[in-house]
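Chemist: Next comes run.cif, mmCIF, C-alpha atoms:
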```
data_model
#
loop_
_atom_site.label_atom_id
_atom_site.label_comp_id
_atom_site.auth_asym_id
_atom_site.auth_seq_id
_atom_site.Cartn_x
_atom_site.Cartn_y
_atom_site.Cartn_z
CA LYS A 1 25.74 47.58 73.83
CA ALA A 2 25.12 48.83 77.34
CA LYS A 3 28.25 49.54 79.40
CA GLY A 4 26.42 49.35 82.74
CA ILE A 5 23.63 47.41 84.48
CA ARG A 6 20.70 49.17 86.15
CA LEU A 7 18.97 46.31 87.90
CA TRP A 8 15.87 48.22 88.98
CA SER A 9 15.16 49.61 85.51
CA LEU A 10 12.75 48.15 82.93
CA GLU A 11 13.82 50.59 80.24
CA ALA A 12 13.71 49.23 76.70
CA PRO A 13 15.50 47.64 75.07
CA HIS A 14 18.47 46.73 77.28
CA MET A 15 17.10 46.25 80.77
CA ARG A 16 13.72 45.02 79.59
CA SER A 17 15.45 42.28 77.61
CA PHE A 18 17.71 41.54 80.58
CA HIS A 19 14.75 40.96 82.89
CA LEU A 20 12.84 38.92 80.33
CA SER A 21 15.89 36.70 79.83
CA TRP A 22 16.20 35.67 83.48
CA LEU A 23 12.42 35.51 84.03
CA GLY A 24 12.02 33.11 81.11
CA PHE A 25 14.78 30.86 82.43
CA PHE A 26 13.43 31.11 85.99
CA ILE A 27 9.94 29.89 85.13
CA ALA A 28 11.38 27.24 82.81
CA PHE A 29 13.59 25.95 85.63
CA THR A 30 10.55 25.88 87.92
CA GLY A 31 8.70 23.65 85.47
CA TRP A 32 11.79 21.61 84.62
CA PHE A 33 12.27 20.49 88.26
CA ALA A 34 8.63 20.61 89.37
CA TYR A 35 8.64 16.88 90.10
CA ALA A 36 11.89 16.79 92.11
CA PRO A 37 10.51 17.64 95.59
CA LEU A 38 7.40 15.46 95.15
CA LEU A 39 8.87 12.21 93.82
CA LYS A 40 10.26 10.60 96.97
CA LYS A 41 7.26 10.96 99.28
CA THR A 42 4.25 11.59 97.03
CA VAL A 43 4.38 10.83 93.29
CA GLY A 44 6.63 7.78 93.61
CA PRO A 45 4.58 5.94 96.25
CA ASN A 46 1.31 6.91 94.53
CA LEU A 47 2.41 5.35 91.23
CA GLY A 48 4.39 2.48 92.75
CA MET A 49 7.75 3.80 91.52
CA THR A 50 10.88 2.10 92.78
CA ALA A 51 14.07 3.93 93.79
CA SER A 52 15.48 2.90 90.41
CA ASP A 53 12.46 4.39 88.61
CA ILE A 54 12.90 7.70 90.44
CA ALA A 55 16.61 7.79 89.61
CA ASN A 56 15.88 6.99 85.96
CA SER A 57 13.32 9.79 85.75
CA ASP A 58 15.85 12.26 87.21
CA THR A 59 18.45 11.13 84.68
CA ALA A 60 16.01 11.40 81.77
CA ASN A 61 14.99 14.89 82.91
CA VAL A 62 18.58 16.16 82.85
CA SER A 63 20.25 14.15 80.07
CA SER A 64 17.65 15.01 77.41
CA THR A 65 18.56 18.66 77.88
CA VAL A 66 21.95 17.97 76.27
CA ILE A 67 20.32 17.45 72.88
CA PHE A 68 17.84 20.28 73.33
CA ARG A 69 20.57 22.78 74.27
CA VAL A 70 22.66 22.04 71.19
CA ILE A 71 19.60 22.41 68.95
CA THR A 72 18.62 25.60 70.74
CA GLY A 73 22.12 27.01 70.26
CA ILE A 74 21.74 26.59 66.50
CA LEU A 75 18.24 28.11 66.53
CA VAL A 76 19.15 31.27 68.42
CA ASP A 77 21.85 32.03 65.85
CA LYS A 78 19.13 31.79 63.18
CA LEU A 79 15.95 33.14 64.84
CA GLY A 80 17.06 35.27 67.78
CA ALA A 81 16.78 34.78 71.52
CA SER A 82 13.28 36.09 72.23
CA LYS A 83 11.51 33.93 69.66
CA VAL A 84 13.37 30.79 70.68
CA MET A 85 12.79 31.47 74.39
CA GLY A 86 9.04 31.94 73.90
CA ILE A 87 8.67 28.88 71.67
CA ILE A 88 10.51 26.63 74.14
CA LEU A 89 8.37 27.81 77.06
CA ILE A 90 5.21 26.94 75.10
CA LEU A 91 6.49 23.60 73.80
CA GLY A 92 7.90 22.59 77.19
CA SER A 93 4.58 23.27 78.90
CA ILE A 94 2.92 20.53 76.79
CA PRO A 95 4.76 17.47 78.18
CA LEU A 96 4.64 19.00 81.67
CA GLY A 97 0.86 19.30 81.50
CA LEU A 98 0.41 15.88 79.89
CA SER A 99 2.63 14.27 82.54
CA ALA A 100 -0.21 14.82 85.02
CA LEU A 101 -2.11 12.12 83.12
CA SER A 102 0.61 9.53 83.79
CA THR A 103 -0.42 6.43 85.74
CA THR A 104 2.85 4.47 85.53
CA ALA A 105 6.53 4.96 86.24
CA THR A 106 7.25 4.70 82.50
CA GLY A 107 4.87 7.56 81.81
CA ILE A 108 6.69 9.81 84.29
CA ILE A 109 10.13 8.88 82.93
CA VAL A 110 9.16 9.55 79.31
CA SER A 111 7.34 12.76 80.19
CA ARG A 112 10.29 14.11 82.16
CA ALA A 113 12.61 13.38 79.23
CA PHE A 114 10.54 15.78 77.11
CA ILE A 115 10.13 18.25 79.99
CA GLY A 116 13.93 18.49 79.83
CA MET A 117 13.56 20.81 76.83
CA LEU A 118 12.72 23.57 79.32
CA GLY A 119 16.33 23.44 80.52
CA SER A 120 17.48 24.62 77.09
CA THR A 121 16.05 28.09 77.80
CA PHE A 122 19.40 28.76 79.45
CA VAL A 123 20.89 29.19 75.97
CA PRO A 124 18.67 32.09 74.79
CA CYS A 125 18.96 33.57 78.29
CA GLN A 126 22.75 33.87 77.99
CA TYR A 127 22.72 34.71 74.29
CA TRP A 128 20.28 37.55 74.97
CA THR A 129 22.34 39.23 77.67
CA THR A 130 25.54 38.80 75.67
CA ALA A 131 23.92 40.65 72.76
CA PHE A 132 22.98 43.63 74.95
CA PHE A 133 26.00 44.20 77.23
CA SER A 134 29.59 45.25 76.51
CA SER A 135 32.65 43.22 77.41
CA ASN A 136 33.30 45.20 80.61
CA VAL A 137 30.02 43.99 82.19
CA VAL A 138 28.98 40.99 80.09
CA GLY A 139 30.28 38.51 82.67
CA THR A 140 28.22 40.17 85.39
CA ALA A 141 25.13 40.43 83.18
CA ASN A 142 25.34 36.76 82.16
CA ALA A 143 25.92 35.67 85.76
CA ILE A 144 23.02 37.65 87.23
CA ALA A 145 20.59 36.51 84.54
CA GLY A 146 21.74 32.89 84.79
CA GLY A 147 21.78 32.95 88.59
CA TRP A 148 18.35 34.51 88.97
CA GLY A 149 17.05 32.01 86.44
CA ASN A 150 18.64 29.15 88.36
CA MET A 151 16.70 30.27 91.43
CA GLY A 152 13.78 28.50 89.79
CA GLY A 153 15.33 25.28 91.10
CA GLY A 154 15.14 26.56 94.67
CA PHE A 155 11.73 28.14 94.10
CA THR A 156 10.18 24.90 92.86
CA ASN A 157 11.58 23.03 95.89
CA LEU A 158 9.99 25.58 98.19
CA VAL A 159 6.66 25.97 96.43
CA MET A 160 5.62 22.65 94.89
CA PRO A 161 5.21 20.70 98.18
CA ARG A 162 3.12 23.56 99.56
CA VAL A 163 0.94 23.70 96.45
CA TYR A 164 0.41 19.95 96.84
CA ASN A 165 -0.46 20.45 100.53
CA LEU A 166 -3.00 23.10 99.54
CA PHE A 167 -4.87 20.72 97.26
CA HIS A 168 -4.54 17.66 99.52
CA PHE A 169 -4.87 18.97 103.08
CA THR A 170 -6.82 22.21 102.57
CA PHE A 171 -9.14 21.20 99.74
CA GLY A 172 -9.27 17.54 100.76
CA LEU A 173 -8.45 16.10 97.34
CA PRO A 174 -6.99 12.58 97.03
CA ILE A 175 -3.21 12.21 96.82
CA GLY A 176 -3.21 11.38 93.10
CA THR A 177 -5.48 14.28 92.21
CA SER A 178 -3.52 16.69 94.40
CA TRP A 179 -0.08 16.15 92.87
CA ARG A 180 -1.55 16.21 89.37
CA ALA A 181 -3.29 19.53 90.09
CA ALA A 182 -0.06 20.92 91.56
CA ILE A 183 1.90 20.02 88.42
CA CYS A 184 -0.54 22.04 86.29
CA ILE A 185 0.22 25.30 88.14
CA PRO A 186 3.68 25.83 86.54
CA VAL A 187 2.09 25.17 83.14
CA ALA A 188 -0.09 28.27 83.47
CA PHE A 189 2.91 30.42 84.42
CA LEU A 190 4.92 29.09 81.48
CA TRP A 191 2.19 30.35 79.14
CA ILE A 192 2.08 33.77 80.83
CA VAL A 193 5.84 34.32 80.67
CA ALA A 194 5.99 33.02 77.08
CA ALA A 195 3.44 35.67 76.10
CA LEU A 196 5.51 38.39 77.81
CA VAL A 197 8.71 37.26 76.11
CA LEU A 198 7.17 37.04 72.64
CA TYR A 199 5.32 40.37 72.93
CA PHE A 200 7.94 42.53 74.64
CA GLY A 201 11.20 40.79 73.67
CA VAL A 202 13.78 42.52 71.44
CA ASP A 203 16.73 40.53 70.11
CA LYS A 204 19.38 43.25 69.74
CA PRO A 205 19.99 46.87 70.74
CA GLY A 206 18.92 49.56 68.27
CA SER A 207 21.35 52.04 66.77
CA GLU A 208 19.57 54.91 68.54
CA PHE A 209 20.92 53.87 71.96
CA LYS A 210 23.40 56.58 73.02
CA LEU A 211 25.82 54.26 74.78
CA ALA A 212 25.79 51.67 72.02
CA ASP A 213 28.95 49.79 71.11
CA THR A 214 27.81 48.12 67.91
CA THR A 215 31.17 47.04 66.51
CA HIS A 216 31.14 43.65 68.22
CA VAL A 217 27.48 43.07 67.32
CA ASP A 218 28.12 43.72 63.62
CA GLN A 219 31.08 41.33 63.64
CA VAL A 220 29.03 38.55 65.22
CA GLU A 221 26.15 39.03 62.80
CA GLN A 222 28.50 38.77 59.80
CA VAL A 223 29.67 35.29 60.85
CA THR A 224 27.27 32.70 59.47
CA TRP A 225 27.52 28.96 59.11
CA LYS A 226 28.27 29.37 55.40
CA THR A 227 30.96 32.04 55.76
CA ALA A 228 32.53 30.23 58.69
CA PHE A 229 33.22 27.21 56.52
CA LYS A 230 34.22 29.26 53.46
CA THR A 231 36.75 31.36 55.32
CA LYS A 232 37.97 28.35 57.31
CA ARG A 233 37.17 30.12 60.56
CA SER A 234 36.96 27.65 63.40
CA LEU A 235 33.41 26.81 64.32
CA ALA A 236 32.54 26.72 67.99
CA LEU A 237 32.02 22.99 67.75
CA PHE A 238 35.65 22.33 66.88
CA THR A 239 37.53 24.61 69.29
CA PHE A 240 39.49 23.25 72.23
CA ASN A 241 38.41 26.19 74.40
CA VAL A 242 34.73 25.35 74.03
CA ALA A 243 35.41 21.68 74.84
CA LEU A 244 37.32 22.76 77.94
CA LEU A 245 34.49 25.07 79.01
CA MET A 246 32.00 22.23 78.49
CA PHE A 247 34.04 20.15 80.93
CA ASN A 248 34.24 23.09 83.34
CA TYR A 249 30.51 23.63 83.21
CA ALA A 250 29.87 19.92 83.71
CA CYS A 251 31.81 20.20 86.97
CA CYS A 252 29.87 23.21 88.29
CA PHE A 253 26.39 23.45 86.77
CA GLY A 254 26.29 19.69 86.25
CA VAL A 255 26.94 19.19 89.96
CA GLU A 256 24.35 21.85 90.78
CA LEU A 257 21.75 20.08 88.63
CA SER A 258 22.37 16.71 90.24
CA ILE A 259 22.03 18.23 93.71
CA ASP A 260 18.90 20.16 92.74
CA GLY A 261 17.29 16.86 91.82
CA ALA A 262 18.55 14.81 94.75
CA LEU A 263 19.00 17.11 97.76
CA ALA A 264 15.48 16.90 99.16
CA SER A 265 15.53 13.10 98.87
CA TYR A 266 19.00 13.02 100.46
CA TYR A 267 17.79 14.79 103.60
CA VAL A 268 14.72 12.56 103.76
CA THR A 269 16.96 9.48 103.72
CA GLN A 270 19.98 10.74 105.67
CA PHE A 271 18.22 12.72 108.41
CA GLN A 272 14.68 11.23 108.27
CA MET A 273 13.08 14.60 107.42
CA ASP A 274 9.55 15.02 106.13
CA GLN A 275 8.83 16.33 102.64
CA ASN A 276 8.19 19.91 103.73
CA THR A 277 11.38 20.29 105.80
CA SER A 278 13.66 18.64 103.24
CA SER A 279 12.22 20.83 100.50
CA LEU A 280 13.18 23.92 102.51
CA LEU A 281 16.83 22.86 102.41
CA GLY A 282 16.53 22.04 98.72
CA GLY A 283 15.08 25.50 98.22
CA LEU A 284 17.92 27.07 100.21
CA PHE A 285 20.48 25.52 97.88
CA GLY A 286 18.79 26.96 94.80
CA MET A 287 17.85 30.36 96.20
CA ILE A 288 21.47 31.21 97.02
CA ASN A 289 21.68 31.84 93.27
CA LEU A 290 20.15 35.23 94.09
CA PHE A 291 23.69 36.50 94.64
CA SER A 292 26.16 33.61 94.26
CA ARG A 293 26.28 33.25 90.50
CA ALA A 294 26.22 37.04 90.08
CA SER A 295 29.22 37.25 92.43
CA GLY A 296 31.11 34.83 90.22
CA GLY A 297 30.49 36.92 87.11
CA LEU A 298 31.13 40.24 88.85
CA MET A 299 34.49 39.06 90.21
CA SER A 300 35.33 37.60 86.79
CA ASP A 301 34.84 41.04 85.20
CA TYR A 302 36.89 42.66 87.98
CA MET A 303 39.77 40.21 87.58
CA SER A 304 39.64 40.79 83.82
CA SER A 305 39.98 44.54 84.35
CA LYS A 306 43.15 43.89 86.38
CA MET A 307 44.76 40.95 84.58
CA GLY A 308 42.85 40.35 81.36
CA MET A 309 41.62 36.86 80.51
CA ARG A 310 44.23 35.34 82.82
CA GLY A 311 42.42 36.97 85.74
CA ARG A 312 39.15 35.31 84.75
CA LEU A 313 40.91 31.93 84.63
CA TYR A 314 42.59 32.36 88.03
CA TRP A 315 39.22 33.18 89.61
CA GLN A 316 37.67 30.14 87.93
CA CYS A 317 40.35 27.82 89.31
CA PHE A 318 40.02 29.23 92.83
CA LEU A 319 36.25 28.63 92.89
CA PHE A 320 36.61 25.07 91.64
CA ILE A 321 39.18 24.19 94.30
CA ILE A 322 36.98 25.52 97.13
CA SER A 323 33.80 23.89 95.82
CA ALA A 324 35.59 20.53 95.46
CA ALA A 325 36.84 20.70 99.05
CA THR A 326 33.44 21.64 100.47
CA ILE A 327 31.47 18.94 98.61
CA MET A 328 33.91 16.27 99.81
CA ALA A 329 33.53 17.53 103.38
CA PHE A 330 29.74 17.63 102.98
CA SER A 331 29.66 13.98 101.90
CA GLN A 332 31.41 12.96 105.12
CA THR A 333 29.33 15.07 107.52
CA TYR A 334 26.57 13.36 109.50
CA HIS A 335 25.68 16.24 111.84
CA LEU A 336 22.74 18.29 110.55
CA GLY A 337 24.14 21.69 111.53
CA GLY A 338 27.51 21.00 109.94
CA SER A 339 25.81 19.61 106.86
CA ILE A 340 23.76 22.78 106.36
CA ALA A 341 26.79 25.05 106.90
CA LEU A 342 28.83 23.15 104.32
CA LEU A 343 25.86 23.08 101.96
CA ILE A 344 25.66 26.89 102.04
CA LEU A 345 29.39 27.31 101.41
CA PHE A 346 29.39 24.74 98.63
CA SER A 347 26.27 26.26 97.09
CA PHE A 348 27.90 29.68 96.88
CA THR A 349 31.19 28.49 95.35
CA VAL A 350 29.77 26.03 92.81
CA GLN A 351 27.16 28.56 91.63
CA ALA A 352 29.77 31.32 91.47
CA GLY A 353 31.78 28.92 89.30
CA CYS A 354 28.84 28.78 86.89
CA GLY A 355 28.87 32.57 86.73
CA SER A 356 32.61 32.76 86.14
CA THR A 357 32.34 30.17 83.34
CA TYR A 358 29.91 32.35 81.42
CA GLY A 359 32.19 35.30 82.04
CA ILE A 360 34.59 33.47 79.70
CA VAL A 361 32.17 32.01 77.11
CA PRO A 362 31.53 35.25 75.13
CA PHE A 363 35.23 35.45 74.22
CA VAL A 364 35.93 32.01 72.75
CA GLY A 365 34.42 32.05 69.25
CA PRO A 366 32.30 33.75 66.58
CA LEU A 367 29.06 31.72 66.81
CA MET A 368 27.71 32.78 70.21
CA GLY A 369 24.51 30.74 70.04
CA LEU A 370 26.25 27.47 69.24
CA GLN A 371 29.09 27.92 71.72
CA SER A 372 26.65 28.93 74.48
CA GLY A 373 24.50 25.91 73.66
CA LEU A 374 27.46 23.54 73.69
CA VAL A 375 28.81 24.80 77.00
CA GLY A 376 25.30 24.63 78.46
CA ALA A 377 24.99 21.08 77.14
CA GLY A 378 28.19 20.27 78.99
CA GLY A 379 26.40 21.21 82.21
CA SER A 380 23.54 18.85 81.37
CA ILE A 381 25.97 16.04 80.57
CA GLY A 382 27.58 16.57 83.97
CA GLY A 383 24.17 16.55 85.64
CA ALA A 384 23.32 13.21 84.02
CA LEU A 385 26.70 11.64 84.85
CA PHE A 386 26.80 12.83 88.47
#
```
Please lay out the structure from this file as structure tokens.

Modeler:
Amino acid sequence: KAKGIRLWSLEAPHMRSFHLSWLGFFIAFTGWFAYAPLLKKTVGPNLGMTASDIANSDTANVSSTVIFRVITGILVDKLGASKVMGIILILGSIPLGLSALSTTATGIIVSRAFIGMLGSTFVPCQYWTTAFFSSNVVGTANAIAGGWGNMGGGFTNLVMPRVYNLFHFTFGLPIGTSWRAAICIPVAFLWIVAALVLYFGVDKPGSEFKLADTTHVDQVEQVTWKTAFKTKRSLALFTFNVALLMFNYACCFGVELSIDGALASYYVTQFQMDQNTSSLLGGLFGMINLFSRASGGLMSDYMSSKMGMRGRLYWQCFLFIISAATIMAFSQTYHLGGSIALLILFSFTVQAGCGSTYGIVPFVGPLMGLQSGLVGAGGSIGGALF
């Protein structure tokens, strides 16, 4: 396993796999939330969707990911991260493309439930980086890959309204045709990235790598479902630590998901913004992942080097306290400037909390795919509940 991270390198297999992991999650996140910035002002009115219909479609989009992430966690233990990532990108593009044919609120709700499978790409993303990086940098590697992937939520808020504007205002297409054409753009990019992942992806480092630390890899590969039961080793599903991390992730990534889906609509309602302006703020929230989640993982590794696992836990608690305080203050702020300032601070701390969570996940059990999937599912459960 690599003992360092060279962000600007594409060298195989370590850094190439690192960049494919976050790119796959990034484009999946873009497709997963492609509807979010268009529902309130465009898709909803065009299809006669009520506020309840829009809320139900948001819930379906997030809650279905719970099931898909658990299934994906099992699959990556069996098939490897690159194959599972590529397959999900292809399969997830199908309901996204077909959703453009919807003419009713029910069609959008059902379609978005299946589009939710794209959110499960988080599991192979984190599994992949864990397989390639040693314990001294695995928290940072997981956090950067997860954070850069999460930027897809900000990217889709920034881009999708402008793609719609291109078709509607520049090309003069009707509203219904314009949003349907806009939804098809992420589909094409899902296919492109899936091809890159399947062609160039490698699931584990080779023995020829000079800085390899293969001891941990061999131990993980020897733990199978069958041997786990036979030797009475605790499966990830039954450990208290995984359950606790699921709850933790529900309270950071789950909150982030709910805000990704609702922030643009919130600013439309609370401050009477138009679709383009509100989407900019929605994009700002997601794009802070460029450095926020990575900061959480980096600091988690640093605290571990000073205090061991206890240091990772102290950092986690600190981030949760600050993010809780800022979101409560945000909810009571009715001045636009103050709202944006608190949004930025909250965005950083809650996303850093996501990074610090996955600085802990690699150390809680033998079945990395399953435990990563379960913790990720906890985030989706939180997103649906919040």

Chemist: Between CA of Tyr266 in chain A and CA of Ser279 in chain A, what is the distance, to one decimal in Å?

Modeler: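 Between CA of Tyr266 in chain A and CA of Ser279 in chain A the gap is 10.3 Å.
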
Chemist: For the PyMOL selection byres ((chain A and resi 14) around 9), applied here, can you spell out every residue it catches as number ranges by chain?

Modeler: A: 1-2, 5, 10-13, 15-19, 129, 132-133, 202, 204-205

Chemist: Identify all residues satisfying the PyMOL selection byres ((chain A and resi 295-304) around 8) in the given file; provide them as a PDB file with C-alpha atoms, in the frame of the given file.

Modeler:
```
ATOM      1  CA  ASN A 136      33.300  45.200  80.610  1.00  0.00           C
ATOM      2  CA  VAL A 137      30.020  43.990  82.190  1.00  0.00           C
ATOM      3  CA  VAL A 138      28.980  40.990  80.090  1.00  0.00           C
ATOM      4  CA  GLY A 139      30.280  38.510  82.670  1.00  0.00           C
ATOM      5  CA  THR A 140      28.220  40.170  85.390  1.00  0.00           C
ATOM      6  CA  ALA A 141      25.130  40.430  83.180  1.00  0.00           C
ATOM      7  CA  ASN A 142      25.340  36.760  82.160  1.00  0.00           C
ATOM      8  CA  ALA A 143      25.920  35.670  85.760  1.00  0.00           C
ATOM      9  CA  ILE A 144      23.020  37.650  87.230  1.00  0.00           C
ATOM     10  CA  PHE A 291      23.690  36.500  94.640  1.00  0.00           C
ATOM     11  CA  SER A 292      26.160  33.610  94.260  1.00  0.00           C
ATOM     12  CA  ARG A 293      26.280  33.250  90.500  1.00  0.00           C
ATOM     13  CA  ALA A 294      26.220  37.040  90.080  1.00  0.00           C
ATOM     14  CA  SER A 305      39.980  44.540  84.350  1.00  0.00           C
ATOM     15  CA  LYS A 306      43.150  43.890  86.380  1.00  0.00           C
ATOM     16  CA  MET A 307      44.760  40.950  84.580  1.00  0.00           C
ATOM     17  CA  GLY A 308      42.850  40.350  81.360  1.00  0.00           C
ATOM     18  CA  MET A 309      41.620  36.860  80.510  1.00  0.00           C
ATOM     19  CA  ARG A 310      44.230  35.340  82.820  1.00  0.00           C
ATOM     20  CA  GLY A 311      42.420  36.970  85.740  1.00  0.00           C
ATOM     21  CA  ARG A 312      39.150  35.310  84.750  1.00  0.00           C
ATOM     22  CA  TRP A 315      39.220  33.180  89.610  1.00  0.00           C
ATOM     23  CA  GLN A 316      37.670  30.140  87.930  1.00  0.00           C
ATOM     24  CA  GLN A 351      27.160  28.560  91.630  1.00  0.00           C
ATOM     25  CA  ALA A 352      29.770  31.320  91.470  1.00  0.00           C
ATOM     26  CA  GLY A 353      31.780  28.920  89.300  1.00  0.00           C
ATOM     27  CA  CYS A 354      28.840  28.780  86.890  1.00  0.00           C
ATOM     28  CA  GLY A 355      28.870  32.570  86.730  1.00  0.00           C
ATOM     29  CA  SER A 356      32.610  32.760  86.140  1.00  0.00           C
ATOM     30  CA  THR A 357      32.340  30.170  83.340  1.00  0.00           C
ATOM     31  CA  TYR A 358      29.910  32.350  81.420  1.00  0.00           C
ATOM     32  CA  GLY A 359      32.190  35.300  82.040  1.00  0.00           C
TER      33      GLY A 359
END
```

Chemist: Expand the PyMOL selection byres ((chain A and resi 367-381) around 8) into the individual residues it matches in the shown file, reporting them as a PyMOL selection string.

Modeler: chain A and resi 62-63+65-67+69-77+120+122-124+126-127+220+223-224+235-237+242-243+245-254+257+361-362+365-366+382-385

Chemist: To one decimal in Å, tell me the separation between CA of Val193 in chain A and CA of Gly86 in chain A.

Modeler: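 Between these atoms lies a distance of 7.9 Å.
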
Chemist: Please, what distance in Å, to one decimal, runs between CA of Ser135 in chain A and CA of Ala28 in chain A?

Modeler: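 Result for CA of Ser135 in chain A versus CA of Ala28 in chain A: 27.1 Å, one decimal.
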
Chemist: What box, with edges along x, y and z, holds each listed atom of range 352-364 of chain A when 4 Å is added on every side, and can you state its centre and edge lengths in Å to one decimal, as AutoDock Vina command-line options?

Modeler:
```
--center_x 32.4 --center_y 32.1 --center_z 82.1 --size_x 15.1 --size_y 14.7 --size_z 26.7
```

Chemist: In terms of the shortest atom-to-atom distance over all atoms listed in the file, which of A:Thr106, A:His335, A:Gly282, A:Gly24 is closest to Trp191 in chain A?

Modeler: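 For Trp191 in chain A, the nearest of the candidates is A:Gly24.
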
Chemist: Would you mind telling me which residue in A:Ser52, A:Arg162, A:Ala131, A:Ala194 lies nearest to Leu89 in chain A when using only C-alpha atoms?

Modeler: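 Smallest distance to Leu89 in chain A is found for A:Ala194.
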
Chemist: Could you check the closest approach to Ile322 in chain A for each of A:Ser21, A:Asn56, A:Thr277, A:Thr349 and tell me which residue wins, using all atoms listed in the file?

Modeler: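 Looking only at the distances to Ile322 in chain A, the closest residue turns out to be A:Thr349.
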
Chemist: So that I can check the surroundings of Leu38 in chain A, please list as a PyMOL selection string every protein, DNA and RNA residue that reaches within 8 Å of it, counting all atoms listed in the file and ignoring chain neighbours fewer than 5 positions away.

Modeler: chain A and resi 43-44+160-161+179+275

Chemist: Go through A:Ile109, A:Leu98, A:Leu118, A:Ala81 and flag the residue nearest Asp203 in chain A, using all atoms listed in the file for the distances.

Modeler: A:Ala81

Chemist: Considering all atoms listed in the file, return as a list of chain:residue names whatever protein or nucleic-acid residues lie within 12 Å of Asn46 in chain A, sequence-local ones (same chain, fewer than 6 positions apart) excluded.

Modeler: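 The contact residues come out as A:Leu38, A:Leu39, A:Lys40, A:Ser102, A:Thr103, A:Thr104, A:Ala105, A:Ile108, A:Pro174, A:Ile175, A:Gly176, A:Thr177, A:Ser178, A:Trp179, A:Arg180.
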